[in-house]
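Colleague: For reference, this is start.txt, and it has compact mmCIF, C-alpha atoms and all ligand atoms.
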# COMPACT_ATOMS: atom_id res chain seq x y z
CA MET L 10 -13.83 36.22 8.75
CA ARG L 11 -15.37 32.76 8.32
CA ALA L 12 -15.78 30.94 11.64
CA ALA L 13 -13.87 27.91 10.34
CA THR L 14 -10.99 30.11 9.20
CA LYS L 15 -10.80 31.68 12.66
CA THR L 16 -10.80 28.27 14.36
CA LEU L 17 -8.15 26.98 11.96
CA ILE L 18 -5.85 29.95 12.63
CA GLU L 19 -6.27 29.51 16.38
CA ARG L 20 -5.62 25.79 16.31
CA LEU L 21 -2.63 26.06 13.94
CA ASP L 22 -0.92 28.09 16.62
CA GLY L 23 1.40 30.09 14.37
CA LEU L 24 1.89 27.45 11.68
CA MET L 25 1.44 29.09 8.25
CA PRO L 26 1.56 26.36 5.61
CA GLN L 27 1.61 27.40 1.96
CA THR L 28 0.94 23.89 0.71
CA ALA L 29 -2.18 21.84 1.33
CA LEU L 30 -2.92 18.25 0.45
CA VAL L 31 -6.19 16.40 -0.04
CA LEU L 32 -5.87 12.70 0.68
CA GLY L 33 -7.98 10.27 -1.29
CA SER L 34 -9.40 6.81 -0.57
CA GLY L 35 -6.89 4.55 1.08
CA LEU L 36 -4.23 7.28 1.03
CA GLY L 37 -4.75 8.46 4.60
CA LYS L 38 -1.39 6.99 5.56
CA LEU L 39 0.31 10.02 4.03
CA ALA L 40 -0.85 11.86 7.14
CA GLU L 41 1.50 9.66 9.18
CA GLN L 42 4.48 11.42 7.56
CA VAL L 43 3.48 14.66 9.26
CA THR L 44 5.65 15.47 12.26
CA GLY L 45 4.43 17.55 15.18
CA ALA L 46 0.94 16.89 13.87
CA ILE L 47 -2.02 18.94 15.01
CA HIS L 48 -5.32 17.10 14.42
CA ILE L 49 -8.52 19.05 13.96
CA PRO L 50 -11.67 16.99 13.31
CA TYR L 51 -13.90 18.42 10.57
CA GLY L 52 -16.64 18.51 13.20
CA ASP L 53 -14.76 21.33 14.97
CA LEU L 54 -14.72 23.46 11.81
CA GLU L 55 -18.04 25.09 11.01
CA GLY L 56 -19.22 24.22 7.51
CA PHE L 57 -16.65 21.48 6.94
CA PRO L 58 -18.29 18.30 5.71
CA ALA L 59 -19.27 15.87 8.43
CA GLY L 60 -19.32 12.14 7.81
CA GLY L 61 -17.64 10.44 4.89
CA VAL L 62 -17.08 7.27 3.02
CA SER L 63 -15.40 4.29 4.62
CA GLY L 64 -11.67 4.79 4.28
CA HIS L 65 -11.94 8.53 4.94
CA ALA L 66 -11.16 9.99 8.34
CA GLY L 67 -12.49 13.54 8.11
CA GLU L 68 -9.89 15.65 9.85
CA VAL L 69 -7.39 18.38 9.19
CA VAL L 70 -3.81 17.41 9.98
CA ALA L 71 -1.18 20.15 10.07
CA GLY L 72 2.52 20.10 10.81
CA HIS L 73 5.72 19.44 8.90
CA ILE L 74 6.82 17.01 6.23
CA GLY L 75 10.60 17.34 6.28
CA HIS L 76 11.13 21.05 6.66
CA ALA L 77 7.99 22.10 4.80
CA GLN L 78 4.89 23.21 6.63
CA VAL L 79 1.80 21.43 5.39
CA ILE L 80 -1.90 21.20 6.02
CA LEU L 81 -3.75 18.07 5.00
CA LEU L 82 -7.42 17.49 4.43
CA SER L 83 -7.73 13.85 5.30
CA GLY L 84 -11.11 12.82 3.95
CA ARG L 85 -13.07 14.48 1.19
CA VAL L 86 -16.72 14.57 0.35
CA HIS L 87 -17.63 13.31 -3.08
CA TYR L 88 -20.38 14.53 -5.37
CA TYR L 89 -21.98 11.10 -5.18
CA GLU L 90 -22.53 11.33 -1.43
CA HIS L 91 -25.15 14.09 -1.41
CA GLY L 92 -25.30 15.34 -4.98
CA ASN L 93 -23.38 18.46 -4.03
CA ALA L 94 -20.42 19.10 -6.31
CA ALA L 95 -19.45 22.11 -4.17
CA ALA L 96 -19.16 20.14 -0.91
CA MET L 97 -15.44 20.95 -0.65
CA ARG L 98 -15.84 24.64 -1.46
CA LEU L 99 -15.70 25.93 2.11
CA PRO L 100 -12.65 23.86 3.15
CA ILE L 101 -10.76 24.95 0.03
CA GLU L 102 -11.68 28.59 0.55
CA CYS L 103 -10.54 28.34 4.18
CA LEU L 104 -7.17 27.08 2.96
CA ALA L 105 -6.86 30.14 0.74
CA ASP L 106 -7.94 32.34 3.70
CA ILE L 107 -5.08 31.10 5.87
CA GLY L 108 -2.46 31.75 3.19
CA VAL L 109 -2.20 28.42 1.38
CA LYS L 110 -0.91 28.98 -2.15
CA GLN L 111 -0.80 25.50 -3.62
CA LEU L 112 -2.99 22.45 -3.38
CA ILE L 113 -1.89 18.88 -4.05
CA LEU L 114 -4.81 16.51 -4.63
CA THR L 115 -4.63 12.73 -4.52
CA ASN L 116 -7.10 10.04 -5.45
CA SER L 117 -7.38 6.43 -6.38
CA ALA L 118 -8.46 5.69 -9.91
CA GLY L 119 -9.12 3.02 -12.47
CA SER L 120 -6.64 2.68 -15.31
CA LEU L 121 -7.75 3.05 -18.91
CA ARG L 122 -4.40 1.92 -20.26
CA GLU L 123 -3.21 -1.65 -20.51
CA ASP L 124 0.34 -0.40 -19.93
CA MET L 125 -0.58 1.36 -16.66
CA PRO L 126 -1.25 -1.47 -14.19
CA PRO L 127 -2.67 -1.28 -10.66
CA GLY L 128 -0.07 0.19 -8.33
CA SER L 129 1.00 2.84 -10.87
CA VAL L 130 1.25 6.47 -9.80
CA MET L 131 -0.04 8.97 -12.35
CA LEU L 132 0.50 12.72 -12.46
CA ILE L 133 -2.74 14.27 -13.70
CA THR L 134 -1.84 16.65 -16.52
CA ASP L 135 -5.41 17.50 -17.54
CA HIS L 136 -8.94 16.28 -16.97
CA ILE L 137 -12.26 15.59 -18.64
CA ASN L 138 -15.34 16.49 -16.63
CA TRP L 139 -17.71 13.72 -17.69
CA SER L 140 -20.13 14.23 -14.81
CA GLY L 141 -21.97 17.17 -16.33
CA MET L 142 -21.73 18.82 -12.92
CA ASN L 143 -19.73 21.83 -11.87
CA PRO L 144 -19.15 23.10 -8.32
CA LEU L 145 -19.52 26.71 -9.48
CA ILE L 146 -23.10 26.33 -10.73
CA GLY L 147 -25.06 28.94 -8.80
CA GLU L 148 -22.07 31.19 -8.19
CA GLU L 149 -23.23 34.63 -9.30
CA SER L 150 -20.06 36.65 -9.78
CA ASP L 151 -18.22 36.71 -13.07
CA ARG L 152 -15.38 35.01 -11.23
CA ARG L 153 -17.31 31.81 -11.99
CA PHE L 154 -15.83 31.78 -15.50
CA VAL L 155 -12.66 30.12 -14.33
CA GLY L 156 -10.07 29.47 -17.02
CA MET L 157 -9.00 25.83 -17.12
CA THR L 158 -6.29 26.03 -19.78
CA SER L 159 -3.53 25.80 -17.19
CA ALA L 160 -5.53 24.20 -14.38
CA TYR L 161 -2.63 21.90 -13.50
CA ASP L 162 0.33 24.11 -12.69
CA ALA L 163 3.31 23.65 -15.01
CA GLY L 164 5.83 24.48 -12.28
CA MET L 165 4.33 22.01 -9.83
CA MET L 166 4.23 19.30 -12.51
CA GLU L 167 7.91 19.88 -13.18
CA LEU L 168 8.65 19.62 -9.46
CA ALA L 169 6.69 16.35 -9.34
CA ARG L 170 8.70 14.89 -12.23
CA LYS L 171 11.95 15.93 -10.61
CA ALA L 172 10.89 14.51 -7.24
CA ALA L 173 9.86 11.20 -8.84
CA ARG L 174 13.25 10.90 -10.55
CA ALA L 175 15.04 11.64 -7.28
CA GLU L 176 12.96 8.99 -5.49
CA ASP L 177 13.30 6.49 -8.35
CA VAL L 178 9.53 6.26 -8.67
CA GLU L 179 8.06 5.70 -12.09
CA LEU L 180 5.63 8.57 -12.58
CA ARG L 181 3.05 8.09 -15.30
CA GLU L 182 1.20 11.05 -16.75
CA GLY L 183 -2.28 11.35 -18.12
CA VAL L 184 -5.78 12.68 -18.32
CA TYR L 185 -8.19 11.96 -15.46
CA MET L 186 -11.82 11.56 -16.37
CA TRP L 187 -14.43 12.35 -13.74
CA PHE L 188 -17.47 10.07 -13.59
CA SER L 189 -20.00 10.90 -10.87
CA GLY L 190 -20.18 7.40 -9.38
CA PRO L 191 -20.98 5.86 -7.00
CA SER L 192 -21.62 2.90 -9.26
CA PHE L 193 -18.52 1.93 -11.18
CA GLU L 194 -18.44 2.41 -14.94
CA THR L 195 -19.76 -0.15 -17.38
CA PRO L 196 -17.39 -1.80 -19.85
CA ALA L 197 -19.01 0.28 -22.63
CA GLU L 198 -18.34 3.47 -20.68
CA ILE L 199 -14.73 2.45 -20.20
CA ARG L 200 -14.34 1.80 -23.94
CA MET L 201 -15.80 5.24 -24.56
CA ALA L 202 -13.52 6.89 -21.98
CA ARG L 203 -10.50 5.33 -23.67
CA GLN L 204 -11.62 6.64 -27.05
CA LEU L 205 -12.26 10.11 -25.67
CA GLY L 206 -8.71 10.48 -24.44
CA GLY L 207 -8.88 9.50 -20.78
CA ASP L 208 -6.01 7.64 -19.14
CA ALA L 209 -7.67 7.11 -15.75
CA VAL L 210 -11.21 7.28 -14.36
CA GLY L 211 -12.37 8.28 -10.94
CA MET L 212 -15.12 9.84 -8.86
CA SER L 213 -13.38 12.83 -7.28
CA THR L 214 -10.77 15.57 -7.64
CA VAL L 215 -12.16 17.46 -10.64
CA PRO L 216 -14.60 19.58 -8.60
CA GLU L 217 -11.79 20.36 -6.15
CA VAL L 218 -9.48 21.43 -8.98
CA ILE L 219 -12.16 23.82 -10.23
CA LEU L 220 -12.77 25.15 -6.71
CA ALA L 221 -9.06 25.56 -6.06
CA ARG L 222 -8.56 27.50 -9.29
CA PHE L 223 -11.58 29.61 -8.32
CA ALA L 224 -9.87 30.30 -4.98
CA GLY L 225 -6.62 31.25 -6.77
CA LEU L 226 -4.59 28.22 -5.69
CA ASP L 227 -2.03 26.47 -7.89
CA VAL L 228 -2.89 22.81 -8.32
CA ALA L 229 -1.13 19.52 -8.79
CA ALA L 230 -2.93 16.17 -8.67
CA PHE L 231 -2.00 12.52 -8.62
CA SER L 232 -3.86 9.24 -9.07
CA VAL L 233 -2.88 5.94 -7.57
CA VAL L 234 -4.16 3.24 -9.90
CA THR L 235 -6.03 0.58 -7.95
CA ASN L 236 -7.57 -1.41 -10.81
CA TYR L 237 -8.11 -1.61 -14.53
CA GLY L 238 -11.32 -0.03 -15.80
CA ALA L 239 -14.40 -2.23 -15.96
CA GLY L 240 -14.27 -4.83 -18.68
CA MET L 241 -10.55 -4.45 -19.36
CA THR L 242 -9.99 -7.69 -17.47
CA GLY L 243 -12.58 -10.24 -16.41
CA ALA L 244 -12.58 -8.91 -12.83
CA GLU L 245 -15.48 -7.30 -10.98
CA LEU L 246 -14.63 -3.97 -9.34
CA SER L 247 -15.14 -3.25 -5.67
CA HIS L 248 -14.51 -0.50 -3.15
CA GLU L 249 -12.68 -3.10 -1.01
CA GLU L 250 -10.19 -3.64 -3.82
CA THR L 251 -9.69 0.11 -4.11
CA LYS L 252 -8.97 0.42 -0.39
CA GLU L 253 -6.67 -2.59 -0.46
CA MET L 254 -4.65 -1.50 -3.49
CA ALA L 255 -4.36 2.24 -2.80
CA PRO L 256 -1.73 2.00 -0.04
CA LYS L 257 0.53 0.02 -2.40
CA GLY L 258 0.97 2.96 -4.77
CA GLY L 259 0.33 5.36 -1.91
CA GLU L 260 3.69 4.68 -0.30
CA ARG L 261 5.54 5.69 -3.50
CA LEU L 262 3.27 8.68 -4.03
CA GLY L 263 4.01 9.76 -0.45
CA ARG L 264 7.72 9.77 -1.21
CA VAL L 265 7.20 11.80 -4.37
CA ILE L 266 5.10 14.38 -2.55
CA ALA L 267 7.53 14.59 0.36
CA ALA L 268 10.43 15.15 -2.06
CA MET L 269 8.40 17.74 -3.96
CA LEU L 270 7.76 19.65 -0.74
CA GLN L 271 11.46 19.81 0.11
CA GLU L 272 12.16 21.53 -3.21
CA ASN L 273 9.63 24.18 -2.51
CA PRO L 274 9.37 24.57 1.24
CA SER L 275 7.17 27.20 2.77
N1 LIG X 301 -13.69 3.83 -11.55
C1 LIG X 301 -14.02 4.93 -10.84
N2 LIG X 301 -13.44 5.29 -9.74
C2 LIG X 301 -12.45 4.51 -9.27
C3 LIG X 301 -12.05 3.35 -9.92
C4 LIG X 301 -12.70 2.99 -11.13
O1 LIG X 301 -12.41 1.99 -11.79
N3 LIG X 301 -11.06 2.80 -9.19
C5 LIG X 301 -10.85 3.62 -8.12
N4 LIG X 301 -11.70 4.65 -8.16
Here is a file; write its structure as structure tokens.
Ligand code: HPA

Modeller:
Amino acid sequence: MRAATKTLIERLDGLMPQTALVLGSGLGKLAEQVTGAIHIPYGDLEGFPAGGVSGHAGEVVAGHIGHAQVILLSGRVHYYEHGNAAAMRLPIECLADIGVKQLILTNSAGSLREDMPPGSVMLITDHINWSGMNPLIGEESDRRFVGMTSAYDAGMMELARKAARAEDVELREGVYMWFSGPSFETPAEIRMARQLGGDAVGMSTVPEVILARFAGLDVAAFSVVTNYGAGMTGAELSHEETKEMAPKGGERLGRVIAAMLQENPS
């Protein structure tokens, strides 16, 4: 058994969550909804990524949201940090090891649609991998040929829609386009992304979706829109703006996720 899996099982002390969450930039507050929280710094888990981007804590938080058991990865490593698209592979595989069946991913993103303003919450229904990278490059088994036709689980999407209605949260839906970052897109790239069928752009999540499908987990993912894509307004983009805006949509996304979990408690 992987050392990190063993440590996780010990520290979870009998908790056996079937749902895991990855919290994106500025969305760390979702962890505050967890009751009876157990905090495990990534540094205590061998092979978990150390260090992160500002706005990312880097710890596992486990406990309950309502009556559902959950485990949260608060803080992710992005491809743009070290050029490793597989940086989240070990944490995701550890989740599968401990019995997690479904993964809910969150991120902040730029909107590609004039009618989807900052503050919107978007259910990701599909993605475009524009980075040219893939976290399974180098994997040798034939399991690397992961099907992506139903990468975003239909049942979880339905639960999300139902939860949003119950919480009176407007839930947008769309295609998330992964750019490597860390520089933001140019206005020309944003025009291209719009033409290619993207609804939101961001620098994360897609490698984790691929890794989660590889690990056999069902996936749902959400974006909180923090800004319009470059050039859609006159504004310059900044990481500060992302961090500032994310909690605004994050509160509503937190309610949707909490309601979703109550429908499908583990
Ligand atoms: N582009 C890429 N990633 C992002 C953006 C954006 O406009 N906003 C938040 N994350």

Colleague: At most 7 Å is the cut-off: for each residue in chain L with any atom that close to an atom of ligand LIG 301 (chain X), write down the nearest atom pair and the distance in Å rounded to one decimal, counting all atoms listed in the file, chain first then increasing number, as JSON lines.

Modeller:
{"residue": "L:Ser117", "atom": "CA", "partner": "X:LIG301", "partner_atom": "C5", "distance": 4.8}
{"residue": "L:Ala118", "atom": "CA", "partner": "X:LIG301", "partner_atom": "C5", "distance": 3.6}
{"residue": "L:Gly119", "atom": "CA", "partner": "X:LIG301", "partner_atom": "O1", "distance": 3.5}
{"residue": "L:Ser120", "atom": "CA", "partner": "X:LIG301", "partner_atom": "O1", "distance": 6.8}
{"residue": "L:Phe188", "atom": "CA", "partner": "X:LIG301", "partner_atom": "C1", "distance": 6.8}
{"residue": "L:Gly190", "atom": "CA", "partner": "X:LIG301", "partner_atom": "C1", "distance": 6.8}
{"residue": "L:Phe193", "atom": "CA", "partner": "X:LIG301", "partner_atom": "N1", "distance": 5.2}
{"residue": "L:Glu194", "atom": "CA", "partner": "X:LIG301", "partner_atom": "N1", "distance": 6.0}
{"residue": "L:Val210", "atom": "CA", "partner": "X:LIG301", "partner_atom": "C1", "distance": 5.1}
{"residue": "L:Gly211", "atom": "CA", "partner": "X:LIG301", "partner_atom": "N2", "distance": 3.4}
{"residue": "L:Met212", "atom": "CA", "partner": "X:LIG301", "partner_atom": "N2", "distance": 4.9}
{"residue": "L:Val234", "atom": "CA", "partner": "X:LIG301", "partner_atom": "C5", "distance": 6.9}
{"residue": "L:Thr235", "atom": "CA", "partner": "X:LIG301", "partner_atom": "N3", "distance": 5.6}
{"residue": "L:Asn236", "atom": "CA", "partner": "X:LIG301", "partner_atom": "N3", "distance": 5.7}
{"residue": "L:Tyr237", "atom": "CA", "partner": "X:LIG301", "partner_atom": "O1", "distance": 6.2}
{"residue": "L:Gly238", "atom": "CA", "partner": "X:LIG301", "partner_atom": "O1", "distance": 4.6}
{"residue": "L:Ala239", "atom": "CA", "partner": "X:LIG301", "partner_atom": "O1", "distance": 6.3}
{"residue": "L:Leu246", "atom": "CA", "partner": "X:LIG301", "partner_atom": "O1", "distance": 6.8}
{"residue": "L:Thr251", "atom": "CA", "partner": "X:LIG301", "partner_atom": "C5", "distance": 5.5}

Colleague: Got time to write the residues from that selection, C-alpha atoms, as a tab-separated table (two decimals), keeping the file's coordinate frame?

Modeller:
chain	number	residue	atom	x	y	z
L	117	SER	CA	-7.38	6.43	-6.38
L	118	ALA	CA	-8.46	5.69	-9.91
L	119	GLY	CA	-9.12	3.02	-12.47
L	120	SER	CA	-6.64	2.68	-15.31
L	188	PHE	CA	-17.47	10.07	-13.59
L	190	GLY	CA	-20.18	7.40	-9.38
L	193	PHE	CA	-18.52	1.93	-11.18
L	194	GLU	CA	-18.44	2.41	-14.94
L	210	VAL	CA	-11.21	7.28	-14.36
L	211	GLY	CA	-12.37	8.28	-10.94
L	212	MET	CA	-15.12	9.84	-8.86
L	234	VAL	CA	-4.16	3.24	-9.90
L	235	THR	CA	-6.03	0.58	-7.95
L	236	ASN	CA	-7.57	-1.41	-10.81
L	237	TYR	CA	-8.11	-1.61	-14.53
L	238	GLY	CA	-11.32	-0.03	-15.80
L	239	ALA	CA	-14.40	-2.23	-15.96
L	246	LEU	CA	-14.63	-3.97	-9.34
L	251	THR	CA	-9.69	0.11	-4.11

Colleague: One decimal, in Å: what's the spacing between atom CA of Ala163 of chain L and atom CA of Ala224 of chain L?

Modeller: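 One can read the atom CA of Ala163 of chain L to atom CA of Ala224 of chain L distance as 17.8 Å.
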
Colleague: Find, counting only C-alpha atoms, the residue in L:Leu21, L:Val228, L:Ile219, L:Ala95 that gets nearest to Arg152 of chain L.

Modeller: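 Smallest distance to Arg152 of chain L is found for L:Ile219.
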
Colleague: Could you give me, as an NGL selection string, the residues that have an atom at most 6 Å away from the point (-18.8, 13.9, -16.5) in the coordinates of the file, using all atoms listed in the file?

Modeller: :L and (138-141 or 187-188)

Colleague: Record the distance separating atom CA of Val69 of chain L and atom CA of Gly52 of chain L, expressed in Å with one decimal.

Modeller: 10.1 Å

Colleague: I need every residue sitting at most 12 Å from the point (-16.3, 31.5, -7.4) (coordinates as in the file, only C-alpha atoms considered), written as a ChimeraX atom specification.

Modeller: /L:95,98-99,101-102,143-156,219-225

Colleague: Box for segment 196-209 of chain L: with edges along x, y and z, all listed atoms inside and 4 Å added on each side, what are the centre and edge lengths in Å to one decimal, as JSON?

Modeller:
{"center_x": -12.5, "center_y": 4.3, "center_z": -21.4, "size_x": 21.0, "size_y": 20.3, "size_z": 19.3}

Colleague: Would you compute the distance between atom CA of Ile47 of chain L and atom CA of Phe231 of chain L? Give it in Å to one decimal.

Modeller: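 Rounded to one decimal, the two atoms are 24.5 Å apart.
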
Colleague: Given all atoms listed in the file as the basis, pick out the residue of L:Leu32, L:Leu17, L:Val215, L:Val70 nearest to Asp53 of chain L.

Modeller: L:Leu17

Colleague: Which is closer to Gly37 of chain L than all the others in L:Glu123, L:Glu68, L:Glu55, L:Glu19, using all atoms listed in the file?

Modeller: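 Closest to Gly37 of chain L, using all atoms listed in the file: L:Glu68.
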
Colleague: May I ask which of the residues L:Arg181, L:His76, L:Lys252, L:Arg85 is the closest one to Val130 of chain L, counting only C-alpha atoms?

Modeller: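 Looking at the shortest contact to Val130 of chain L, the residue is L:Arg181.
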
Colleague: Would you mind telling me which residue in L:Leu81, L:Thr28, L:Leu104, L:Ala59 lies nearest to Ala13 of chain L when using all atoms listed in the file?

Modeller: L:Leu104

Colleague: Any idea what's packed within 8 Å of segment 197-206 of chain L, counting all atoms listed in the file, ignoring anything in its chain fewer than 6 positions away? Could you give it as a list in words?

Modeller: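 The residues satisfying every condition are Leu121, Arg122, Val184, Met186, Gly238, Ala239 and Gly240 of chain L.
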
Colleague: I'd like to know which of L:Ser129, L:Pro50, L:Glu250, L:Ser189 is closest to Thr214 of chain L, using only C-alpha atoms.

Modeller: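 Counting only C-alpha atoms, the residue closest to Thr214 of chain L is L:Ser189.
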
Colleague: Would you pick out the contacts of Lys110 of chain L at 7 Å or less, using only C-alpha atoms, so that residues sharing its chain but fewer than 6 positions from it are not included, and give the list as a list in words?

Modeller: Gln27, Thr28, Leu226 and Asp227 of chain L

Colleague: Write the residues of the preceding selection, restricted to C-alpha atoms, as a PDB file, in the frame of the given file.

Modeller:
ATOM      1  CA  GLN L  27       1.610  27.400   1.960  1.00  0.00           C
ATOM      2  CA  THR L  28       0.940  23.890   0.710  1.00  0.00           C
ATOM      3  CA  LEU L 226      -4.590  28.220  -5.690  1.00  0.00           C
ATOM      4  CA  ASP L 227      -2.030  26.470  -7.890  1.00  0.00           C
TER       5      ASP L 227
END

Colleague: Using all atoms listed in the file, determine which residues lie at most 12 Å from Met269 of chain L, disregarding the query and same-chain residues fewer than 5 positions distant; provide the list as a ChimeraX atom specification.

Modeller: /L:28,74-77,113,164-176,229,262-264,274-275

Colleague: Limit the output to N, CA and C atoms and give segment 157-174 of chain L as a short mmCIF file (atom, residue, chain, number, x, y, z; two decimals), in the first residue's frame.

Modeller:
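Written file, selection02.cif:
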data_model
loop_
_atom_site.label_atom_id
_atom_site.label_comp_id
_atom_site.auth_asym_id
_atom_site.auth_seq_id
_atom_site.Cartn_x
_atom_site.Cartn_y
_atom_site.Cartn_z
N MET L 157 -13.10 9.48 -22.95
CA MET L 157 -13.52 10.78 -22.40
C MET L 157 -14.92 11.16 -22.89
N THR L 158 -15.63 10.21 -23.47
CA THR L 158 -16.96 10.53 -24.01
C THR L 158 -17.91 10.94 -22.90
N SER L 159 -17.82 10.24 -21.77
CA SER L 159 -18.70 10.57 -20.64
C SER L 159 -17.86 10.97 -19.43
N ALA L 160 -16.86 11.82 -19.69
CA ALA L 160 -15.93 12.19 -18.60
C ALA L 160 -16.67 12.85 -17.44
N TYR L 161 -17.67 13.66 -17.77
CA TYR L 161 -18.45 14.34 -16.73
C TYR L 161 -19.72 13.52 -16.52
N ASP L 162 -19.87 13.00 -15.33
CA ASP L 162 -20.89 11.98 -15.06
C ASP L 162 -22.32 12.53 -15.16
N ALA L 163 -23.13 11.89 -15.99
CA ALA L 163 -24.49 12.37 -16.24
C ALA L 163 -25.32 12.42 -14.95
N GLY L 164 -25.16 11.42 -14.11
CA GLY L 164 -25.93 11.37 -12.86
C GLY L 164 -25.53 12.49 -11.92
N MET L 165 -24.23 12.76 -11.84
CA MET L 165 -23.77 13.85 -10.96
C MET L 165 -24.21 15.20 -11.51
N MET L 166 -24.21 15.34 -12.83
CA MET L 166 -24.67 16.61 -13.42
C MET L 166 -26.14 16.84 -13.09
N GLU L 167 -26.91 15.77 -13.15
CA GLU L 167 -28.34 15.89 -12.85
C GLU L 167 -28.53 16.29 -11.38
N LEU L 168 -27.73 15.66 -10.52
CA LEU L 168 -27.80 16.03 -9.09
C LEU L 168 -27.45 17.50 -8.89
N ALA L 169 -26.45 17.97 -9.62
CA ALA L 169 -26.03 19.37 -9.51
C ALA L 169 -27.15 20.32 -9.92
N ARG L 170 -27.82 19.97 -11.02
CA ARG L 170 -28.93 20.82 -11.50
C ARG L 170 -30.06 20.86 -10.47
N LYS L 171 -30.34 19.70 -9.92
CA LYS L 171 -31.41 19.60 -8.94
C LYS L 171 -31.05 20.41 -7.68
N ALA L 172 -29.80 20.28 -7.26
CA ALA L 172 -29.34 20.99 -6.06
C ALA L 172 -29.40 22.50 -6.29
N ALA L 173 -29.01 22.94 -7.49
CA ALA L 173 -29.02 24.37 -7.79
C ALA L 173 -30.44 24.91 -7.76
N ARG L 174 -31.38 24.13 -8.31
CA ARG L 174 -32.79 24.56 -8.27
C ARG L 174 -33.26 24.68 -6.83
#
